[in-house]
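Peer 1: Questions regarding the structure given below will be posed in turn.
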Amino acid sequence: MEMSPFIVFMASIFTNNMILANFLGMCSFIAVSKEKSAAWGLGQAVTFVLTGTSVINYLVYHYVLVPYGLVYLRFIVFIILIAAFVQLVEMIIERYFPVLHLHLGIFLPLITVNCAVFGVSLFTVIRQYNLFQAAAFGFGSGVGWTMAIVALAGIRQKIKNAPLPKGLEGAGITLIITGIMALAFIGFSGIIHVQ
Amino acid sequence: MSRKIKDIFSLGVIKDNPVFRQILGICSSLAVTNLMLNSLAMGIGLIFVTSLSSLTVSALRRYTPGHIRMMVQVLIISAYVIIVDIVLKAYFPALSSALGPYVGLIITNCIIMGRCEVYAQKNPPLASFLDGIANGLGYSLVLMTIAFVRELLGFGTVFGVNVLGPSWVRWVIMIMPPGAFFVLGLLIWATNLFLPANEAGKASSAGGGR
């Protein structure tokens with residue numbers, strides 16, 4: 001696939017946004033979008049982990065799994081690498097950046113189970129990206145995810161006291177807001193075409 | 001025993017439905033709902049993985065050290081998902097490429113791990129197996145409902161068979177991502193209105209979310 005990393009980066013933010021186009025990372029997207037500061041913290045952590053794991057998983061896939069014919073083990077290997085990476089990052093941040101750890105600490109364990117992280121690694125393999133594209137894709141997906149969750153948190157804070165129909169509070173209205181956001185993002189889809 | 005089985009199913013499929021009540025596993029539930037066939041395949045795969053991993057986790061629960069149980073659960077789940085992936089690739093290549101990465105994403109589907117953690121960890125294998133089937137079934141029902149609405153309005157078809165006639169104006173938005181968000185949001189609204197929350201179910205599912 002001949003596509004510059006910059007195009008991949010822009011596409012993963014706007015036209016192929018992880019949440020709004022691929023539905024990945026929804027669980028934490030709905031659970032942690034009640035406040036802007038928490039959403040921003042989680043977004044930063046996800047971006048960091050996504051960039052790191054997409055590169056690591058790319059390297060392991062192409063230099064370990066493919067040469068040894070172990071491609072069918074990729075699910076297990078990716079999951080373990082993601083979990084290990086998150087653990088490592090948590091230990092490093094705790095040791096050297098205690099302030100940042102106070103800020104992001106509670107979000108890091110959540111990320112291990114974030115579908116977006118695993119999904120990005122799988123997409124990287126399916127779309128046959130090269131190393132730079134994989135890095136750009138991981139970083140762009142993280143930025144796109146952060147943008148979506150911060151925007152949603154902003155909207156949810158605004159409507160906190162709005163009178164909603166019975167039964168629509170919580171998940172229901174959040175999904176409908178997300179739908180409207182996805183609708184707006186479809187406006188970008190003419191710019192770049194991926195796949 | 002038969003009464004217990006009935007309880008397991010009514011909790012898992014309706015009263016404590018993983019998607020509506022616990023808002024779990026919607027990551028992968030939405031992406032494959034543009035066609036009913038894809039949803040059916042995803043549902044069957046999920047029932048297979050949920051039931052068998054619950055069975056395995058439950059059978060091994062006495063031998064699994066508490067502090068590494070999460071890792072063990074993930075490995076068990078991954079093993080079953082790999083089976084699903086290989087079977088799909090071998091016998092249904094078209095379906096496999098249509099589902100793309102979402103087959104692998106069954107691993108990160110919170111429902112499976114939620115059931116392993118909440119139910120299989122404390123109950124005997126057979127009951128866990130049935131609980132897995134019930135929750136998988138509840139999840140598949142939701143998938144099929146969303147897919148039914150989206151495919152019917154978006155293509156005018158059900159399982160690829162045209163039902164609304166050639167003059168039907170397609171709701172293109174239903175096939176695109178926003179349609180999935182709207183349909184699921186409205187479905188959750190309808191469930192909250194017509195099926196009052198079940199307190200016992202809430203208690204059994206507490207801690208299952210992540």
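Chains: A, B, ... in order of the structure tokens. Residues: from 1 per chain. Ligands: from 1, in order shown.
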Within 10 Å of chain B, which residues of chain A come that close, and what is the closest atom pair and distance in Å for each? Count only C-alpha atoms and give it as CSV.
Peer 2:
residue,atom,partner,partner_atom,distance
A:Ile19,CA,B:Cys27,CA,8.6
A:Leu20,CA,B:Pro177,CA,6.8
A:Ala21,CA,B:Pro177,CA,5.7
A:Asn22,CA,B:Ala31,CA,6.3
A:Phe23,CA,B:Cys27,CA,5.4
A:Leu24,CA,B:Cys27,CA,5.2
A:Gly25,CA,B:Cys27,CA,6.1
A:Met26,CA,B:Cys27,CA,5.1
A:Cys27,CA,B:Cys27,CA,6.6
A:Ser28,CA,B:Arg210,CA,7.6
A:Phe29,CA,B:Cys27,CA,9.7
A:Ile30,CA,B:Ile23,CA,8.9
A:Ala31,CA,B:Arg210,CA,8.3
A:Tyr72,CA,B:Ile82,CA,7.0
A:Leu73,CA,B:Ile82,CA,7.4
A:Arg74,CA,B:Ile82,CA,8.8
A:Phe75,CA,B:Gly104,CA,6.5
A:Ile76,CA,B:Ser78,CA,5.7
A:Val77,CA,B:Ser78,CA,9.5
A:Ile79,CA,B:Val74,CA,8.2
A:Ile80,CA,B:Met71,CA,8.5
A:Ala83,CA,B:Met71,CA,9.1
A:Leu110,CA,B:Arg210,CA,7.5
A:Thr112,CA,B:Thr108,CA,9.1
A:Val113,CA,B:Thr108,CA,6.0
A:Asn114,CA,B:Thr108,CA,7.2
A:Cys115,CA,B:Thr108,CA,5.6
A:Ala116,CA,B:Cys27,CA,8.7
A:Val117,CA,B:Thr108,CA,9.8
A:Phe118,CA,B:Leu105,CA,7.2
A:Gly119,CA,B:Leu105,CA,6.6
A:Val120,CA,B:Pro101,CA,9.1
A:Ser121,CA,B:Pro101,CA,9.2
A:Leu122,CA,B:Pro101,CA,5.8
A:Phe123,CA,B:Pro101,CA,6.4
A:Thr124,CA,B:Pro101,CA,9.8
A:Val125,CA,B:Pro101,CA,9.2
A:Ile126,CA,B:Pro101,CA,7.5
A:Pro165,CA,B:Trp189,CA,9.0
A:Lys166,CA,B:Leu193,CA,7.3
A:Gly167,CA,B:Asn192,CA,5.0
A:Leu168,CA,B:Trp189,CA,5.0
A:Glu169,CA,B:Trp189,CA,8.3
A:Gly170,CA,B:Trp189,CA,9.7
A:Ala171,CA,B:Gly185,CA,7.2
A:Gly172,CA,B:Gly185,CA,4.4
A:Ile173,CA,B:Gly185,CA,6.5
A:Thr174,CA,B:Gly185,CA,7.6
A:Leu175,CA,B:Gly185,CA,5.0
A:Ile176,CA,B:Phe182,CA,5.2
A:Ile177,CA,B:Phe181,CA,8.4
A:Thr178,CA,B:Phe181,CA,6.6
A:Gly179,CA,B:Pro178,CA,4.3
A:Ile180,CA,B:Pro178,CA,6.7
A:Met181,CA,B:Pro178,CA,8.0
A:Ala182,CA,B:Pro178,CA,5.3
A:Leu183,CA,B:Pro178,CA,5.6
A:Ala184,CA,B:Pro178,CA,9.2
A:Phe185,CA,B:Pro178,CA,9.5
A:Ile186,CA,B:Met176,CA,8.8
Peer 1: Hey, what's within 8 Å of Leu46 in chain B if we count only C-alpha atoms and toss same-chain stuff fewer than 3 positions away? As a list of chain:residue names, please?
Peer 2: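 Contacts, with the query itself left out: B:Met42, B:Gly43, B:Val49, B:Thr50, B:Ile106, B:Gly136, B:Ser140.
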Peer 1: Could you list, as a PyMOL selection string, every residue within 9 Å of Asn57 in chain A, counting only C-alpha atoms and ignoring same-chain residues fewer than 2 positions away?
Peer 2: chain A and resi 52-55+59-62+77-78+81-82+121+124
Peer 1: Taking N, CA and C atoms for each residue, export the selection above as an mmCIF file, in the first residue's frame.
Peer 2:
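Once everything was written out, this is again_8.cif:
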data_model
loop_
_atom_site.group_PDB
_atom_site.id
_atom_site.type_symbol
_atom_site.label_atom_id
_atom_site.label_comp_id
_atom_site.auth_asym_id
_atom_site.auth_seq_id
_atom_site.Cartn_x
_atom_site.Cartn_y
_atom_site.Cartn_z
ATOM 1 N N GLY A 52 3.001 3.288 21.133
ATOM 2 C CA GLY A 52 4.007 2.300 21.513
ATOM 3 C C GLY A 52 3.647 0.903 21.058
ATOM 4 N N THR A 53 2.412 0.477 21.340
ATOM 5 C CA THR A 53 2.073 -0.918 21.040
ATOM 6 C C THR A 53 1.964 -1.158 19.543
ATOM 7 N N SER A 54 1.545 -0.155 18.760
ATOM 8 C CA SER A 54 1.441 -0.433 17.328
ATOM 9 C C SER A 54 2.826 -0.668 16.740
ATOM 10 N N VAL A 55 3.822 0.061 17.239
ATOM 11 C CA VAL A 55 5.184 -0.163 16.740
ATOM 12 C C VAL A 55 5.721 -1.513 17.224
ATOM 13 N N LEU A 59 6.753 -4.754 14.913
ATOM 14 C CA LEU A 59 8.082 -5.372 14.866
ATOM 15 C C LEU A 59 8.004 -6.855 15.190
ATOM 16 N N VAL A 60 7.248 -7.189 16.251
ATOM 17 C CA VAL A 60 7.165 -8.595 16.641
ATOM 18 C C VAL A 60 6.487 -9.414 15.558
ATOM 19 N N TYR A 61 5.426 -8.848 14.960
ATOM 20 C CA TYR A 61 4.705 -9.595 13.932
ATOM 21 C C TYR A 61 5.608 -9.887 12.743
ATOM 22 N N HIS A 62 6.322 -8.851 12.249
ATOM 23 C CA HIS A 62 7.077 -9.029 11.016
ATOM 24 C C HIS A 62 8.433 -9.687 11.216
ATOM 25 N N VAL A 77 -0.233 -13.206 21.239
ATOM 26 C CA VAL A 77 1.007 -12.447 21.359
ATOM 27 C C VAL A 77 0.707 -10.959 21.506
ATOM 28 N N PHE A 78 -0.211 -10.436 20.693
ATOM 29 C CA PHE A 78 -0.538 -9.007 20.774
ATOM 30 C C PHE A 78 -1.070 -8.646 22.157
ATOM 31 N N LEU A 81 1.700 -8.667 24.703
ATOM 32 C CA LEU A 81 2.604 -7.533 24.538
ATOM 33 C C LEU A 81 1.955 -6.240 25.029
ATOM 34 N N ILE A 82 0.665 -6.083 24.736
ATOM 35 C CA ILE A 82 -0.020 -4.867 25.188
ATOM 36 C C ILE A 82 -0.040 -4.811 26.708
ATOM 37 N N SER A 121 -3.612 -2.696 16.403
ATOM 38 C CA SER A 121 -2.595 -3.682 16.029
ATOM 39 C C SER A 121 -3.114 -4.633 14.957
ATOM 40 N N THR A 124 -3.331 -2.817 11.597
ATOM 41 C CA THR A 124 -2.005 -2.640 11.024
ATOM 42 C C THR A 124 -1.604 -3.866 10.212
#
Peer 1: Just want the 9 Å neighbourhood of Ala59 in chain B, counted on only C-alpha atoms, with same-chain residues fewer than 4 positions away dropped. Output as a list in words.
Peer 2: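 Final neighbour list, sorted by chain and number: Ser54, Leu55, Tyr63, Ala120, Gln121, Pro124 and Pro125 of chain B.
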Peer 1: Keeping all heavy atoms for every residue in the selection just given, could you write it to a file as an mmCIF file, in the first residue's frame?
Peer 2:
data_model
loop_
_atom_site.group_PDB
_atom_site.id
_atom_site.type_symbol
_atom_site.label_atom_id
_atom_site.label_comp_id
_atom_site.auth_asym_id
_atom_site.auth_seq_id
_atom_site.Cartn_x
_atom_site.Cartn_y
_atom_site.Cartn_z
ATOM 1 N N SER B 54 -15.966 -20.015 29.641
ATOM 2 C CA SER B 54 -16.527 -20.107 30.993
ATOM 3 C C SER B 54 -16.331 -21.511 31.549
ATOM 4 O O SER B 54 -15.962 -21.687 32.707
ATOM 5 C CB SER B 54 -18.023 -19.786 30.982
ATOM 6 O OG SER B 54 -18.222 -18.410 30.875
ATOM 7 N N LEU B 55 -16.583 -22.505 30.687
ATOM 8 C CA LEU B 55 -16.424 -23.901 31.112
ATOM 9 C C LEU B 55 -14.978 -24.158 31.555
ATOM 10 O O LEU B 55 -14.734 -24.711 32.636
ATOM 11 C CB LEU B 55 -16.785 -24.818 29.937
ATOM 12 C CG LEU B 55 -16.618 -26.320 30.149
ATOM 13 C CD1 LEU B 55 -17.726 -26.840 31.021
ATOM 14 C CD2 LEU B 55 -16.624 -27.055 28.822
ATOM 15 N N TYR B 63 -7.388 -24.562 40.516
ATOM 16 C CA TYR B 63 -5.943 -24.688 40.308
ATOM 17 C C TYR B 63 -5.300 -23.382 39.859
ATOM 18 O O TYR B 63 -4.112 -23.329 39.629
ATOM 19 C CB TYR B 63 -5.659 -25.770 39.261
ATOM 20 C CG TYR B 63 -6.413 -27.039 39.543
ATOM 21 C CD1 TYR B 63 -7.562 -27.371 38.835
ATOM 22 C CD2 TYR B 63 -5.986 -27.892 40.563
ATOM 23 C CE1 TYR B 63 -8.266 -28.522 39.121
ATOM 24 C CE2 TYR B 63 -6.684 -29.045 40.850
ATOM 25 C CZ TYR B 63 -7.833 -29.360 40.133
ATOM 26 O OH TYR B 63 -8.535 -30.484 40.423
ATOM 27 N N ALA B 120 -18.078 -17.714 36.294
ATOM 28 C CA ALA B 120 -17.356 -18.988 36.165
ATOM 29 C C ALA B 120 -16.365 -19.194 37.304
ATOM 30 O O ALA B 120 -16.085 -20.321 37.699
ATOM 31 C CB ALA B 120 -16.626 -19.037 34.829
ATOM 32 N N GLN B 121 -15.848 -18.094 37.852
ATOM 33 C CA GLN B 121 -14.860 -18.180 38.926
ATOM 34 C C GLN B 121 -15.455 -18.801 40.203
ATOM 35 O O GLN B 121 -14.738 -19.311 41.040
ATOM 36 C CB GLN B 121 -14.354 -16.768 39.191
ATOM 37 C CG GLN B 121 -12.954 -16.621 39.730
ATOM 38 C CD GLN B 121 -11.878 -17.304 38.919
ATOM 39 O OE1 GLN B 121 -11.334 -18.306 39.343
ATOM 40 N NE2 GLN B 121 -11.527 -16.755 37.770
ATOM 41 N N PRO B 124 -19.818 -24.146 39.397
ATOM 42 C CA PRO B 124 -19.344 -25.387 38.760
ATOM 43 C C PRO B 124 -19.375 -25.283 37.235
ATOM 44 O O PRO B 124 -20.098 -24.452 36.679
ATOM 45 C CB PRO B 124 -20.328 -26.440 39.261
ATOM 46 C CG PRO B 124 -21.502 -25.689 39.763
ATOM 47 C CD PRO B 124 -21.007 -24.367 40.209
ATOM 48 N N PRO B 125 -18.582 -26.138 36.564
ATOM 49 C CA PRO B 125 -18.407 -26.020 35.116
ATOM 50 C C PRO B 125 -19.708 -26.020 34.304
ATOM 51 O O PRO B 125 -19.864 -25.191 33.416
ATOM 52 C CB PRO B 125 -17.552 -27.243 34.769
ATOM 53 C CG PRO B 125 -16.823 -27.560 36.003
ATOM 54 C CD PRO B 125 -17.722 -27.179 37.135
#
Peer 1: Enumerate as a list in words all residues of range 152-187 of chain B assigned to helix (DSSP H, G or I) by DSSP on the backbone, naming them with the chain letters and numbers the document uses.
Peer 2: Leu152, Leu153, Gly154, Phe155, Val172, Ile173, Met174, Ile175, Pro177, Pro178, Gly179, Ala180, Phe181, Phe182, Val183, Leu184, Gly185, Leu186 and Leu187 of chain B
Peer 1: Give me the residues within 12 Å of Phe107 in chain A as a compact mmCIF listing (two decimals) with N, CA and C atoms, in the first residue's frame, counting only C-alpha atoms and dropping any in the same chain fewer than 2 places off.
Peer 2:
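Listing of selection_27.txt after writing:
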# COMPACT_ATOMS: atom_id res chain seq x y z
N SER A 28 -14.77 2.25 27.41
CA SER A 28 -14.25 3.34 28.23
C SER A 28 -14.74 4.68 27.69
N ALA A 31 -17.88 5.09 29.56
CA ALA A 31 -17.74 5.10 31.02
C ALA A 31 -16.98 6.32 31.53
N VAL A 32 -15.97 6.79 30.79
CA VAL A 32 -15.08 7.81 31.32
C VAL A 32 -15.36 9.19 30.71
N ALA A 38 -11.02 13.99 33.18
CA ALA A 38 -10.76 12.55 33.14
C ALA A 38 -10.63 12.07 31.70
N ALA A 39 -11.49 12.59 30.82
CA ALA A 39 -11.44 12.19 29.42
C ALA A 39 -10.09 12.55 28.81
N TRP A 40 -9.60 13.75 29.15
CA TRP A 40 -8.33 14.22 28.62
C TRP A 40 -7.19 13.34 29.13
N GLY A 41 -7.23 12.99 30.42
CA GLY A 41 -6.19 12.12 30.98
C GLY A 41 -6.17 10.77 30.30
N LEU A 42 -7.35 10.16 30.17
CA LEU A 42 -7.42 8.85 29.54
C LEU A 42 -6.97 8.94 28.09
N GLY A 43 -7.36 10.04 27.42
CA GLY A 43 -6.97 10.21 26.02
C GLY A 43 -5.46 10.23 25.85
N GLN A 44 -4.78 10.98 26.73
CA GLN A 44 -3.31 11.04 26.65
C GLN A 44 -2.72 9.66 26.84
N ALA A 45 -3.21 8.95 27.86
CA ALA A 45 -2.66 7.63 28.14
C ALA A 45 -2.89 6.69 26.96
N VAL A 46 -4.10 6.74 26.38
CA VAL A 46 -4.40 5.86 25.25
C VAL A 46 -3.49 6.19 24.07
N THR A 47 -3.31 7.48 23.79
CA THR A 47 -2.46 7.86 22.66
C THR A 47 -1.05 7.31 22.82
N PHE A 48 -0.52 7.46 24.04
CA PHE A 48 0.82 6.98 24.31
C PHE A 48 0.92 5.47 24.11
N VAL A 49 -0.01 4.75 24.72
CA VAL A 49 0.04 3.29 24.64
C VAL A 49 -0.19 2.83 23.20
N VAL A 86 1.83 -1.96 28.96
CA VAL A 86 1.12 -1.08 29.90
C VAL A 86 1.74 -1.18 31.29
N GLN A 87 2.06 -2.41 31.71
CA GLN A 87 2.70 -2.60 33.01
C GLN A 87 4.01 -1.83 33.10
N VAL A 89 5.07 0.72 31.25
CA VAL A 89 4.86 2.17 31.24
C VAL A 89 4.44 2.63 32.63
N GLU A 90 3.55 1.86 33.26
CA GLU A 90 3.07 2.26 34.57
C GLU A 90 4.23 2.32 35.56
N LEU A 100 2.83 12.88 37.00
CA LEU A 100 2.08 12.34 35.87
C LEU A 100 1.35 11.07 36.30
N HIS A 101 1.98 10.28 37.15
CA HIS A 101 1.37 9.03 37.59
C HIS A 101 0.10 9.30 38.39
N LEU A 102 0.16 10.37 39.20
CA LEU A 102 -1.01 10.76 39.98
C LEU A 102 -2.16 11.09 39.04
N HIS A 103 -1.78 11.66 37.90
CA HIS A 103 -2.77 12.14 36.94
C HIS A 103 -3.31 10.99 36.08
N LEU A 104 -2.40 10.13 35.59
CA LEU A 104 -2.80 9.10 34.63
C LEU A 104 -2.90 7.72 35.24
N GLY A 105 -2.39 7.57 36.48
CA GLY A 105 -2.24 6.25 37.06
C GLY A 105 -3.47 5.37 36.97
N PRO A 109 -4.30 0.85 33.84
CA PRO A 109 -4.78 -0.53 33.79
C PRO A 109 -6.00 -0.69 32.90
N LEU A 110 -6.84 0.36 32.82
CA LEU A 110 -8.03 0.30 31.97
C LEU A 110 -7.66 0.07 30.51
N ILE A 111 -6.48 0.57 30.13
CA ILE A 111 -6.14 0.57 28.72
C ILE A 111 -5.84 -0.82 28.19
N THR A 112 -5.36 -1.70 29.09
CA THR A 112 -5.05 -3.06 28.65
C THR A 112 -6.26 -3.68 27.96
N VAL A 113 -7.44 -3.36 28.46
CA VAL A 113 -8.63 -3.98 27.92
C VAL A 113 -9.34 -3.08 26.93
N ASN A 114 -8.69 -1.98 26.55
CA ASN A 114 -9.32 -1.09 25.59
C ASN A 114 -9.26 -1.71 24.20
N ARG B 210 -16.18 -3.01 33.09
CA ARG B 210 -14.88 -2.38 33.20
C ARG B 210 -14.83 -1.13 32.34
Peer 1: Can you tell me, as a list in words, what residues are no more than 9 Å from Ile13 in chain A when counting only C-alpha atoms, ignoring any on the same chain fewer than 6 positions away?
Peer 2: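 Within the cut-off, the hits are Phe137, Gly140, Ser141, Gly142, Val143, Gly144, Trp145 and Met147 of chain A.
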Peer 1: Any chance you could export the current selection's N, CA and C atoms as a tab-separated table (two decimals), in the first residue's frame?
Peer 2:
chain	number	residue	atom	x	y	z
A	137	PHE	N	-0.25	5.53	12.16
A	137	PHE	CA	-1.61	5.05	12.38
A	137	PHE	C	-1.91	4.94	13.88
A	140	GLY	N	-2.05	8.57	15.25
A	140	GLY	CA	-3.25	9.25	14.75
A	140	GLY	C	-4.51	8.70	15.38
A	141	SER	N	-4.58	7.39	15.53
A	141	SER	CA	-5.77	6.80	16.15
A	141	SER	C	-5.93	7.30	17.57
A	142	GLY	N	-4.79	7.40	18.28
A	142	GLY	CA	-4.84	7.91	19.65
A	142	GLY	C	-5.35	9.34	19.68
A	143	VAL	N	-4.80	10.18	18.78
A	143	VAL	CA	-5.24	11.58	18.75
A	143	VAL	C	-6.73	11.66	18.42
A	144	GLY	N	-7.14	10.87	17.44
A	144	GLY	CA	-8.55	10.88	17.05
A	144	GLY	C	-9.45	10.43	18.19
A	145	TRP	N	-9.01	9.40	18.90
A	145	TRP	CA	-9.79	8.88	20.03
A	145	TRP	C	-9.91	9.94	21.12
A	147	MET	N	-9.62	13.17	20.80
A	147	MET	CA	-10.48	14.25	20.34
A	147	MET	C	-11.94	13.89	20.53
Peer 1: With only C-alpha atoms as the atoms that count, which of B:Asn38, B:Asn162, B:Thr33, B:Asn135 lies nearest to Ala94 in chain B?
Peer 2: B:Asn38
Peer 1: One number please: CA of Leu35 in chain B to CA of Ala147 in chain B, in Å, one decimal.
Peer 2: 5.7 Å
Peer 1: Check the smallest atom-to-atom distance from each of A:Met91, A:Leu50, A:Met18, A:Met10 to Phe139 in chain A using only C-alpha atoms, then report the winner.
Peer 2: A:Leu50
Peer 1: Within 8 Å of Ile192 in chain A, counting only C-alpha atoms, which residues qualify if same-chain residues fewer than 6 places away don't, as a PDB file with C-alpha atoms, in the first residue's frame?
Peer 2:
ATOM      1  CA  ILE A   7      -1.974  10.673   5.011  1.00  0.00           C
ATOM      2  CA  ALA A  11      -7.076   9.521   7.881  1.00  0.00           C
ATOM      3  CA  THR A  15     -12.063   9.721   8.162  1.00  0.00           C
TER       4      THR A  15
END
